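Structure file start19.cif (mmCIF, C-alpha atoms and all ligand atoms) is printed below.
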```cif
data_my_file
#
loop_
_atom_site.label_atom_id
_atom_site.label_comp_id
_atom_site.auth_asym_id
_atom_site.auth_seq_id
_atom_site.Cartn_x
_atom_site.Cartn_y
_atom_site.Cartn_z
CA MET U 118 35.20 -222.76 61.50
CA THR U 119 35.87 -223.93 57.94
CA LEU U 120 36.67 -227.52 57.01
CA ALA U 121 40.10 -226.32 55.87
CA GLU U 122 40.77 -225.13 59.44
CA VAL U 123 39.50 -228.47 60.80
CA ARG U 124 41.93 -230.24 58.48
CA ASP U 125 44.85 -228.10 59.65
CA ILE U 126 44.07 -228.36 63.36
CA LEU U 127 43.70 -232.15 63.24
CA GLU U 128 46.56 -232.57 60.73
CA ALA U 129 44.04 -234.58 58.80
CA GLU U 130 44.27 -236.38 55.51
CA VAL U 131 41.41 -235.58 53.13
CA LEU U 132 39.87 -238.75 51.71
CA THR U 133 37.31 -237.01 49.52
CA GLY U 134 35.93 -233.51 49.01
CA GLU U 135 39.26 -231.65 48.95
CA GLU U 136 37.91 -229.03 46.48
CA ASN U 137 35.40 -227.42 48.83
CA LEU U 138 37.15 -227.35 52.19
CA ASP U 139 37.65 -223.57 52.22
CA ASP U 140 34.01 -222.86 51.44
CA ILE U 141 32.30 -225.17 53.92
CA GLU U 142 31.57 -223.62 57.31
CA VAL U 143 30.81 -225.98 60.19
CA PRO U 144 28.76 -224.22 62.88
CA ARG U 145 28.95 -227.16 65.30
CA GLY U 146 30.69 -230.40 66.04
CA CYS U 147 29.57 -233.76 67.43
CA GLY U 148 31.76 -236.66 68.58
CA CYS U 149 29.78 -239.88 68.62
CA ASP U 150 29.74 -243.57 67.73
CA LEU U 151 26.00 -244.08 68.09
CA MET U 152 24.25 -243.13 64.89
CA SER U 153 20.75 -242.70 66.34
CA ASP U 154 22.19 -240.25 68.86
CA VAL U 155 23.63 -238.28 65.96
CA LEU U 156 20.23 -238.28 64.26
CA ALA U 157 18.57 -237.18 67.51
CA PHE U 158 20.85 -234.33 68.52
CA ALA U 159 22.96 -233.08 65.62
CA GLU U 160 21.63 -230.18 63.60
CA ARG U 161 22.10 -229.75 59.87
CA ARG U 162 25.64 -228.91 58.73
CA THR U 163 27.21 -230.36 61.89
CA LEU U 164 30.71 -231.83 61.68
CA LEU U 165 30.70 -235.46 62.85
CA LEU U 166 33.77 -237.02 64.48
CA THR U 167 33.56 -240.78 64.85
CA GLY U 168 35.54 -243.97 65.28
CA LEU U 169 33.12 -245.93 63.08
CA THR U 170 33.98 -246.40 59.41
CA ASN U 171 31.02 -248.31 57.96
CA ALA U 172 28.45 -247.32 55.36
CA GLN U 173 25.90 -246.42 58.03
CA VAL U 174 27.99 -243.40 59.02
CA ILE U 175 27.63 -242.05 55.48
CA ARG U 176 23.88 -242.80 55.46
CA THR U 177 23.51 -241.01 58.78
CA ALA U 178 25.36 -237.97 57.44
CA GLU U 179 23.20 -238.04 54.34
CA MET U 180 19.86 -238.31 56.18
CA ASN U 181 20.79 -235.58 58.64
CA ASP U 182 22.45 -233.21 56.12
CA LEU U 183 25.73 -233.23 58.06
CA ALA U 184 28.60 -231.12 56.67
CA ALA U 185 31.43 -233.65 56.80
CA ILE U 186 32.89 -236.60 58.70
CA VAL U 187 36.22 -236.93 60.49
CA PHE U 188 37.42 -240.48 61.16
CA VAL U 189 39.52 -240.52 64.30
CA ARG U 190 42.37 -242.65 65.64
CA GLY U 191 43.84 -243.17 62.18
CA LYS U 192 40.93 -245.26 60.97
CA ARG U 193 40.42 -245.56 57.25
CA PRO U 194 37.04 -246.55 55.84
CA PRO U 195 36.86 -249.15 53.06
CA CYS U 196 36.99 -247.88 49.44
CA GLU U 197 33.26 -248.41 48.85
CA VAL U 198 32.45 -246.23 51.85
CA ILE U 199 34.67 -243.42 50.52
CA GLU U 200 32.98 -243.88 47.14
CA MET U 201 29.53 -243.54 48.73
CA ALA U 202 30.54 -240.24 50.35
CA LYS U 203 32.02 -238.95 47.10
CA GLU U 204 28.78 -239.69 45.25
CA ARG U 205 26.87 -237.74 47.87
CA GLY U 206 29.29 -234.84 48.07
CA ILE U 207 30.13 -235.47 51.73
CA PRO U 208 33.78 -234.57 52.53
CA LEU U 209 35.72 -237.17 54.55
CA LEU U 210 38.78 -236.47 56.69
CA ARG U 211 41.03 -238.79 58.65
CA THR U 212 43.12 -237.86 61.68
CA LYS U 213 45.57 -239.85 63.79
CA TYR U 214 44.23 -238.28 67.00
CA PRO U 215 41.70 -240.22 69.12
CA LEU U 216 38.11 -238.97 69.53
CA PHE U 217 38.66 -237.20 72.86
CA GLU U 218 41.78 -235.36 71.71
CA SER U 219 40.26 -234.43 68.34
CA CYS U 220 37.15 -232.95 69.95
CA GLY U 221 39.30 -231.14 72.50
CA MET U 222 41.53 -229.59 69.84
CA LEU U 223 38.55 -228.31 67.86
CA TYR U 224 36.80 -227.07 70.99
CA LYS U 225 39.92 -225.18 72.04
CA ALA U 226 39.97 -223.54 68.62
CA GLY U 227 36.40 -222.32 69.13
CA LEU U 228 34.13 -225.02 67.71
CA ARG U 229 31.16 -225.83 69.94
CA GLY U 230 28.69 -228.69 70.28
CA HIS U 231 24.96 -228.84 70.83
CA LEU U 232 24.81 -227.98 74.52
CA LYS U 233 21.83 -225.70 74.94
CA MET T 124 7.25 -222.91 49.61
CA ASP T 125 5.83 -222.18 46.16
CA MET T 126 6.85 -225.47 44.57
CA ASN T 127 4.08 -228.00 44.90
CA PRO T 128 4.52 -231.70 44.23
CA SER T 129 1.96 -233.59 42.18
CA PRO T 130 -1.19 -234.16 44.28
CA SER T 131 -0.28 -237.65 45.40
CA LEU T 132 2.74 -239.89 45.06
CA GLU T 133 3.15 -243.37 46.47
CA LEU T 134 6.24 -245.51 46.60
CA SER T 135 7.12 -248.71 48.41
CA TYR T 136 10.38 -250.46 49.06
CA PRO T 137 10.91 -254.02 50.27
CA VAL T 138 13.36 -254.35 53.17
CA GLU T 139 15.13 -257.59 54.14
CA GLY T 140 16.02 -258.38 57.71
CA ASN T 141 19.76 -258.61 58.39
CA ASP T 142 20.67 -257.13 55.00
CA PHE T 143 23.37 -254.67 56.03
CA ALA T 144 24.92 -254.47 52.57
CA THR T 145 22.19 -252.20 51.25
CA ALA T 146 20.89 -250.94 54.59
CA GLY T 147 19.60 -247.40 54.23
CA GLU T 148 19.03 -247.63 50.48
CA ALA T 149 15.25 -247.21 50.77
CA ALA T 150 15.63 -244.09 52.91
CA THR T 151 18.23 -242.72 50.48
CA ARG T 152 15.79 -243.14 47.60
CA ILE T 153 13.01 -241.52 49.57
CA LYS T 154 15.23 -238.57 50.36
CA ARG T 155 16.27 -238.12 46.72
CA MET T 156 12.67 -238.36 45.55
CA LEU T 157 11.52 -235.64 47.96
CA LYS T 158 14.36 -233.39 46.89
CA GLN T 159 13.49 -233.98 43.24
CA ILE T 160 9.86 -232.98 43.65
CA GLY T 161 10.85 -229.81 45.47
CA ILE T 162 9.98 -230.55 49.10
CA ASP T 163 11.84 -228.11 51.38
CA PRO T 164 15.13 -229.31 52.94
CA GLU T 165 13.98 -229.34 56.56
CA THR T 166 10.87 -231.43 55.79
CA THR T 167 12.97 -233.70 53.61
CA ARG T 168 15.45 -234.16 56.44
CA ARG T 169 12.72 -235.04 58.94
CA VAL T 170 11.11 -237.58 56.60
CA ALA T 171 14.52 -239.07 55.77
CA ILE T 172 15.39 -239.58 59.44
CA VAL T 173 12.02 -241.21 60.17
CA ALA T 174 12.31 -243.46 57.11
CA TYR T 175 15.90 -244.40 57.90
CA GLU T 176 15.15 -245.35 61.53
CA ALA T 177 12.15 -247.39 60.37
CA GLU T 178 14.20 -249.15 57.70
CA MET T 179 17.03 -249.92 60.13
CA ASN T 180 14.60 -251.32 62.70
CA ILE T 181 13.29 -253.81 60.13
CA ILE T 182 16.83 -254.78 59.16
CA ILE T 183 18.03 -255.10 62.75
CA HIS T 184 14.99 -256.47 64.56
CA ALA T 185 12.61 -258.09 62.03
CA THR T 186 12.58 -260.79 59.35
CA ARG T 187 11.38 -258.70 56.42
CA GLY T 188 9.12 -255.80 55.72
CA ILE T 189 8.09 -252.95 53.54
CA LEU T 190 8.67 -249.22 53.73
CA LYS T 191 6.09 -246.95 52.15
CA LEU T 192 6.10 -243.29 51.30
CA ARG T 193 3.04 -241.23 50.46
CA VAL T 194 3.27 -237.58 49.52
CA LEU T 195 0.02 -235.63 49.72
CA PRO T 196 -0.53 -231.90 49.62
CA GLY T 197 0.58 -230.64 53.04
CA VAL T 198 1.51 -233.99 54.52
CA ILE T 199 4.00 -236.80 53.96
CA GLU T 200 3.36 -240.28 55.33
CA VAL T 201 5.94 -242.92 56.11
CA ARG T 202 4.75 -246.43 56.93
CA ALA T 203 6.78 -249.49 57.84
CA GLU T 204 5.25 -252.93 58.21
CA ASP T 205 7.18 -256.03 59.03
CA ILE T 206 6.94 -259.71 59.72
CA GLY T 207 9.04 -260.43 62.76
CA PRO T 208 9.16 -260.99 66.50
CA GLY T 209 7.02 -257.96 67.37
CA ILE T 210 7.44 -255.76 70.44
CA PRO T 211 6.09 -257.09 73.76
CA ASP T 212 6.16 -253.78 75.65
CA ILE T 213 5.68 -250.73 73.42
CA PRO T 214 5.90 -248.02 76.13
CA LEU T 215 9.24 -249.54 77.19
CA ALA T 216 10.50 -249.71 73.58
CA MET T 217 9.53 -246.05 73.12
CA GLN T 218 11.78 -244.96 76.00
CA GLU T 219 15.02 -243.26 75.04
CA GLY T 220 17.92 -245.59 75.68
CA TYR T 221 15.96 -248.85 75.69
CA SER T 222 17.43 -251.33 73.24
CA THR T 223 17.64 -255.09 72.86
CA ALA T 224 20.24 -254.83 70.08
CA PRO T 225 23.05 -257.38 70.57
CA GLU T 226 26.74 -256.52 70.76
CA HIS T 227 27.54 -257.08 67.07
CA ILE T 228 24.81 -254.57 66.16
CA ARG T 229 26.12 -252.03 68.67
CA GLU T 230 29.54 -252.30 67.11
CA MET T 231 28.03 -251.00 63.89
CA GLY T 232 26.76 -247.89 65.64
CA PHE T 233 23.19 -248.95 66.40
CA GLY T 234 21.46 -249.85 69.61
CA ALA T 235 21.35 -246.42 71.23
CA GLY T 236 17.67 -247.07 71.82
CA MET T 237 16.89 -243.79 70.08
CA GLY T 238 15.29 -244.99 66.84
CA LEU T 239 11.63 -245.10 67.89
CA PRO T 240 11.92 -241.92 69.99
CA ASN T 241 13.54 -240.24 66.95
CA MET T 242 10.67 -241.28 64.71
CA LYS T 243 8.27 -239.72 67.15
CA ARG T 244 10.40 -236.61 67.65
CA PHE T 245 10.71 -235.84 63.95
CA SER T 246 7.09 -236.50 63.01
CA ASP T 247 3.90 -234.59 63.74
CA GLU T 248 1.81 -237.73 64.23
CA PHE T 249 3.14 -241.15 65.09
CA TRP T 250 1.53 -244.58 65.57
CA ILE T 251 2.97 -247.94 66.44
CA GLU T 252 1.28 -251.29 66.85
CA SER T 253 2.77 -254.70 67.26
CA GLN T 254 1.82 -258.30 67.75
CA VAL T 255 4.31 -260.58 69.43
CA GLY T 256 5.36 -263.38 67.10
CA LYS T 257 3.77 -261.67 64.08
CA GLY T 258 5.17 -258.26 63.38
CA THR T 259 5.17 -254.52 63.82
CA LYS T 260 3.58 -251.54 62.07
CA VAL T 261 4.67 -247.96 62.44
CA ALA T 262 3.23 -244.92 60.72
CA ALA T 263 4.34 -241.31 60.79
CA ARG T 264 2.91 -238.13 59.30
CA ILE T 265 5.02 -235.05 58.68
CA TYR T 266 3.29 -231.79 57.76
CA TYR T 267 4.87 -229.31 55.42
CA ASP T 268 4.23 -225.98 53.67
CA GLY T 269 3.02 -223.88 56.56
CA SER T 270 0.46 -226.43 57.76
CA SER T 271 3.24 -227.87 59.96
CA ASP T 272 3.20 -227.30 63.70
CA ARG T 273 6.86 -228.28 63.82
CA GLY T 274 7.20 -230.98 66.45
CA GLY T 275 10.98 -231.57 66.45
N1 LIG H 301 10.44 -253.58 63.87
C1 LIG H 301 10.72 -254.09 65.07
N2 LIG H 301 10.51 -255.41 65.35
C2 LIG H 301 10.79 -255.92 66.57
N3 LIG H 301 11.30 -255.21 67.59
C3 LIG H 301 11.53 -253.90 67.39
C4 LIG H 301 11.26 -253.27 66.13
N4 LIG H 301 11.58 -251.96 66.23
C5 LIG H 301 12.02 -251.77 67.48
N5 LIG H 301 12.00 -252.93 68.19
C6 LIG H 301 12.35 -253.11 69.63
O1 LIG H 301 12.31 -251.84 70.27
C7 LIG H 301 13.60 -251.52 70.80
C8 LIG H 301 13.83 -250.03 70.69
O2 LIG H 301 13.89 -249.65 69.32
P1 LIG H 301 14.72 -248.36 68.90
O3 LIG H 301 14.66 -248.19 67.43
O4 LIG H 301 14.24 -247.20 69.72
O5 LIG H 301 16.19 -248.69 69.39
P2 LIG H 301 17.26 -249.69 68.72
O6 LIG H 301 16.84 -250.06 67.35
O7 LIG H 301 17.51 -250.80 69.66
O8 LIG H 301 18.56 -248.76 68.67
P3 LIG H 301 18.80 -247.49 67.68
O9 LIG H 301 17.53 -247.27 66.92
O10 LIG H 301 19.13 -246.36 68.59
O11 LIG H 301 19.94 -247.89 66.81
C9 LIG H 301 14.56 -252.36 70.01
O12 LIG H 301 15.78 -252.60 70.68
C10 LIG H 301 13.75 -253.65 69.81
O13 LIG H 301 13.76 -254.43 71.00
MG MG H 302 16.26 -248.57 65.99
#
```

Please re-express this file's structure in C-alpha cells.
Amino acid sequence: MTLAEVRDILEAEVLTGEENLDDIEVPRGCGCDLMSDVLAFAERRTLLLTGLTNAQVIRTAEMNDLAAIVFVRGKRPPCEVIEMAKERGIPLLRTKYPLFESCGMLYKAGLRGHLK
Amino acid sequence: MDMNPSPSLELSYPVEGNDFATAGEAATRIKRMLKQIGIDPETTRRVAIVAYEAEMNIIIHATRGILKLRVLPGVIEVRAEDIGPGIPDIPLAMQEGYSTAPEHIREMGFGAGMGLPNMKRFSDEFWIESQVGKGTKVAARIYYDGSSDRGG
C-alpha cells in the first residue's frame, strides 16, 4: 500500500512529506503508543499509527527507519515536532479516526501487521 | 560492504537525567555519524536502537550519565554509564514488561519494560552491571560486515 492510499483511506491531512506520498510503499503497519514496543517489533519501513504526538515518536521513527507516522483521533503534534519530522524526511499524517478504527480500515484494505 | 570506516572512531555524549527537551539527541547524532562513515543501514539501525534505549534509560531512571560510541573494524560498541539509583534486581529488570516507570513517563510512551530486552535483542554481546545507590553501566557490541552472527 502506498502512503497516498493510506491518506485517502483515512481521509488524512498531510502535515509534512506531501511530495513523496505516491512513491512510498508501506509493507506493514503497527498501531501502538509504547515506543519501546515499536522498537522491538516493527520492521524497517513500517507505518506507525499512534495517539502520541511528542518528539519521542519522531525519534523512534528515526531510529527504527519507519516509513511514516499517522496521528489518530484528530491529534495534532506541536510545530517543533512537525519540524523535526520534516528535517528527517519522515512524512506525517493526521486522521480524525481513533486508533482501532484507523487500523481496521487499513487492515480491511489489505495492510498487515507483524504477526508471524 | 566495501566501504570501510577509519580504523577506530570514538565519540561520547553527556546525558542529563530528566532532560526530555533534547532526549534522543545523542542517539540521533550516533545514527547520523554511522550513516556518514558508510556503515550499512541494518547495522546502523541496530546500533541506533541500542543507543536510544540506553540514552532514554539514563534520562528516565538516572541522575546523569554518558553515552559512548566506538567504531572498530567489524564491531561497534555502545556504552552507557550513569550516576543514579542503580538496579537492585538485574534479572528482573531484564524481563520483558518489567518497568518501574511512573505514570507521567508512561504517558510519554515509555515504560513498556522493553528497553533493556531491546538492547540485548539488537546486540551481539551485551553486559549490564549496577550498584544500588551508585549507578549503572551497560555495554553492547554489534558486529558488522559479514563477521556478524545476526542476533536480532
Ligand atoms: N540506567 C538505569 N538506572 C536505574 N534503573 C534503571 C536503569 N535502566 C533501567 N532501569 C530499571 O530497569 C527497569 C527496566 O528497564 P527497561 O529499559 O527495560 O524498561 P523501562 O525503561 O521501564 O521502559 P521502556 O524502556 O520500555 O520505555 C526500569 O523500569 C528501571 O526500574
Ligand atoms: Mg527503558

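Put simply, atom C7 of ligand LIG 301 (chain H) is 12.2 Å away from CA of Ser153 (chain U).
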
Quick one: residues within 12 Å of Asp212 (chain T), only C-alpha atoms counted, chain neighbours fewer than 3 positions away excluded, as a ChimeraX atom specification?
/T:209,215-218,221-223,251-255,259

Report as number ranges by chain all protein, DNA and RNA residues lying within 10 Å of Ile206 (chain T), evaluated on all atoms listed in the file, omitting residues in the same chain fewer than 2 positions from it.
T: 140, 181, 184-189, 204, 208-209, 253-254, 256-260

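One finds CA of Lys203 (chain U) at 17.4 Å from CA of Ala121 (chain U).
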
Neighbours of ligand MG 302 (chain H) at 10 Å or closer, counting only C-alpha atoms and all ligand atoms: which residues, as a count of residues only?
27

Selection: 7 Å around Asp139 (chain U), only C-alpha atoms, excl. self and same-chain fewer than 2 positions, as a list in words
Thr119, Leu120, Ala121, Asn137 and Ile141 of chain U

Specify the axis-aligned box that encloses all atoms of ligand LIG 301 (chain H) listed in the file after padding of 5 Å on each side, stating its centre and edge lengths in Å to one decimal as lines of an AutoDock Vina configuration file.
```
center_x = 15.2
center_y = -251.1
center_z = 67.4
size_x = 19.5
size_y = 19.6
size_z = 17.1
```

Could you add the missing atoms to region 179-190 of chain U, up to all heavy atoms, and return them as an mmCIF file, keeping the file's coordinate frame?
```
data_model
loop_
_atom_site.group_PDB
_atom_site.id
_atom_site.type_symbol
_atom_site.label_atom_id
_atom_site.label_comp_id
_atom_site.auth_asym_id
_atom_site.auth_seq_id
_atom_site.Cartn_x
_atom_site.Cartn_y
_atom_site.Cartn_z
ATOM 1 N N GLU U 179 24.084 -238.387 55.446
ATOM 2 C CA GLU U 179 23.200 -238.040 54.340
ATOM 3 C C GLU U 179 21.796 -237.679 54.842
ATOM 4 O O GLU U 179 21.251 -236.628 54.500
ATOM 5 C CB GLU U 179 23.123 -239.219 53.371
ATOM 6 C CG GLU U 179 22.197 -238.977 52.201
ATOM 7 C CD GLU U 179 22.010 -240.231 51.351
ATOM 8 O OE1 GLU U 179 22.324 -241.336 51.816
ATOM 9 O OE2 GLU U 179 21.534 -240.069 50.218
ATOM 10 N N MET U 180 21.224 -238.535 55.681
ATOM 11 C CA MET U 180 19.860 -238.310 56.180
ATOM 12 C C MET U 180 19.764 -237.003 56.959
ATOM 13 O O MET U 180 18.791 -236.288 56.886
ATOM 14 C CB MET U 180 19.398 -239.450 57.092
ATOM 15 C CG MET U 180 19.318 -240.801 56.432
ATOM 16 S SD MET U 180 18.436 -240.749 54.880
ATOM 17 C CE MET U 180 19.236 -242.106 54.045
ATOM 18 N N ASN U 181 20.823 -236.724 57.732
ATOM 19 C CA ASN U 181 20.790 -235.580 58.640
ATOM 20 C C ASN U 181 21.405 -234.315 58.043
ATOM 21 O O ASN U 181 21.531 -233.315 58.740
ATOM 22 C CB ASN U 181 21.546 -235.974 59.922
ATOM 23 C CG ASN U 181 20.993 -235.292 61.144
ATOM 24 O OD1 ASN U 181 20.003 -234.588 61.073
ATOM 25 N ND2 ASN U 181 21.644 -235.476 62.264
ATOM 26 N N ASP U 182 21.802 -234.365 56.775
ATOM 27 C CA ASP U 182 22.450 -233.210 56.120
ATOM 28 C C ASP U 182 23.668 -232.718 56.894
ATOM 29 O O ASP U 182 23.850 -231.510 57.089
ATOM 30 C CB ASP U 182 21.462 -232.042 55.959
ATOM 31 C CG ASP U 182 20.287 -232.385 55.058
ATOM 32 O OD1 ASP U 182 20.455 -233.246 54.175
ATOM 33 O OD2 ASP U 182 19.211 -231.786 55.234
ATOM 34 N N LEU U 183 24.516 -233.642 57.361
ATOM 35 C CA LEU U 183 25.730 -233.230 58.060
ATOM 36 C C LEU U 183 26.733 -232.650 57.067
ATOM 37 O O LEU U 183 26.675 -232.946 55.872
ATOM 38 C CB LEU U 183 26.359 -234.418 58.796
ATOM 39 C CG LEU U 183 25.475 -235.103 59.834
ATOM 40 C CD1 LEU U 183 26.249 -236.223 60.531
ATOM 41 C CD2 LEU U 183 24.948 -234.111 60.867
ATOM 42 N N ALA U 184 27.660 -231.815 57.561
ATOM 43 C CA ALA U 184 28.600 -231.120 56.670
ATOM 44 C C ALA U 184 29.724 -232.034 56.198
ATOM 45 O O ALA U 184 30.105 -232.003 55.035
ATOM 46 C CB ALA U 184 29.189 -229.918 57.388
ATOM 47 N N ALA U 185 30.253 -232.832 57.113
ATOM 48 C CA ALA U 185 31.430 -233.650 56.800
ATOM 49 C C ALA U 185 31.674 -234.625 57.938
ATOM 50 O O ALA U 185 31.092 -234.498 59.010
ATOM 51 C CB ALA U 185 32.648 -232.754 56.619
ATOM 52 N N ILE U 186 32.562 -235.606 57.677
ATOM 53 C CA ILE U 186 32.890 -236.600 58.700
ATOM 54 C C ILE U 186 34.398 -236.660 58.896
ATOM 55 O O ILE U 186 35.158 -236.656 57.936
ATOM 56 C CB ILE U 186 32.397 -238.006 58.266
ATOM 57 C CG1 ILE U 186 30.889 -237.985 57.983
ATOM 58 C CG2 ILE U 186 32.719 -239.056 59.335
ATOM 59 C CD1 ILE U 186 30.405 -239.178 57.185
ATOM 60 N N VAL U 187 34.810 -236.707 60.173
ATOM 61 C CA VAL U 187 36.220 -236.930 60.490
ATOM 62 C C VAL U 187 36.345 -238.305 61.143
ATOM 63 O O VAL U 187 35.691 -238.576 62.152
ATOM 64 C CB VAL U 187 36.758 -235.883 61.493
ATOM 65 C CG1 VAL U 187 38.210 -236.181 61.841
ATOM 66 C CG2 VAL U 187 36.619 -234.465 60.935
ATOM 67 N N PHE U 188 37.147 -239.180 60.561
ATOM 68 C CA PHE U 188 37.420 -240.480 61.160
ATOM 69 C C PHE U 188 38.628 -240.336 62.073
ATOM 70 O O PHE U 188 39.674 -239.844 61.635
ATOM 71 C CB PHE U 188 37.673 -241.541 60.089
ATOM 72 C CG PHE U 188 36.494 -241.748 59.192
ATOM 73 C CD1 PHE U 188 36.493 -241.241 57.905
ATOM 74 C CD2 PHE U 188 35.372 -242.417 59.649
ATOM 75 C CE1 PHE U 188 35.392 -241.416 57.075
ATOM 76 C CE2 PHE U 188 34.262 -242.592 58.830
ATOM 77 C CZ PHE U 188 34.267 -242.082 57.541
ATOM 78 N N VAL U 189 38.467 -240.748 63.314
ATOM 79 C CA VAL U 189 39.520 -240.520 64.300
ATOM 80 C C VAL U 189 40.424 -241.741 64.477
ATOM 81 O O VAL U 189 40.157 -242.801 63.907
ATOM 82 C CB VAL U 189 38.910 -240.103 65.667
ATOM 83 C CG1 VAL U 189 38.133 -238.798 65.531
ATOM 84 C CG2 VAL U 189 38.026 -241.207 66.222
ATOM 85 N N ARG U 190 41.449 -241.571 65.256
ATOM 86 C CA ARG U 190 42.370 -242.650 65.640
ATOM 87 C C ARG U 190 42.971 -243.368 64.430
ATOM 88 O O ARG U 190 43.231 -244.563 64.445
ATOM 89 C CB ARG U 190 41.633 -243.667 66.524
ATOM 90 C CG ARG U 190 42.402 -244.024 67.776
ATOM 91 C CD ARG U 190 41.656 -245.016 68.679
ATOM 92 N NE ARG U 190 40.249 -244.782 68.787
ATOM 93 C CZ ARG U 190 39.299 -245.674 68.498
ATOM 94 N NH1 ARG U 190 39.619 -246.866 68.053
ATOM 95 N NH2 ARG U 190 38.027 -245.377 68.647
#
```
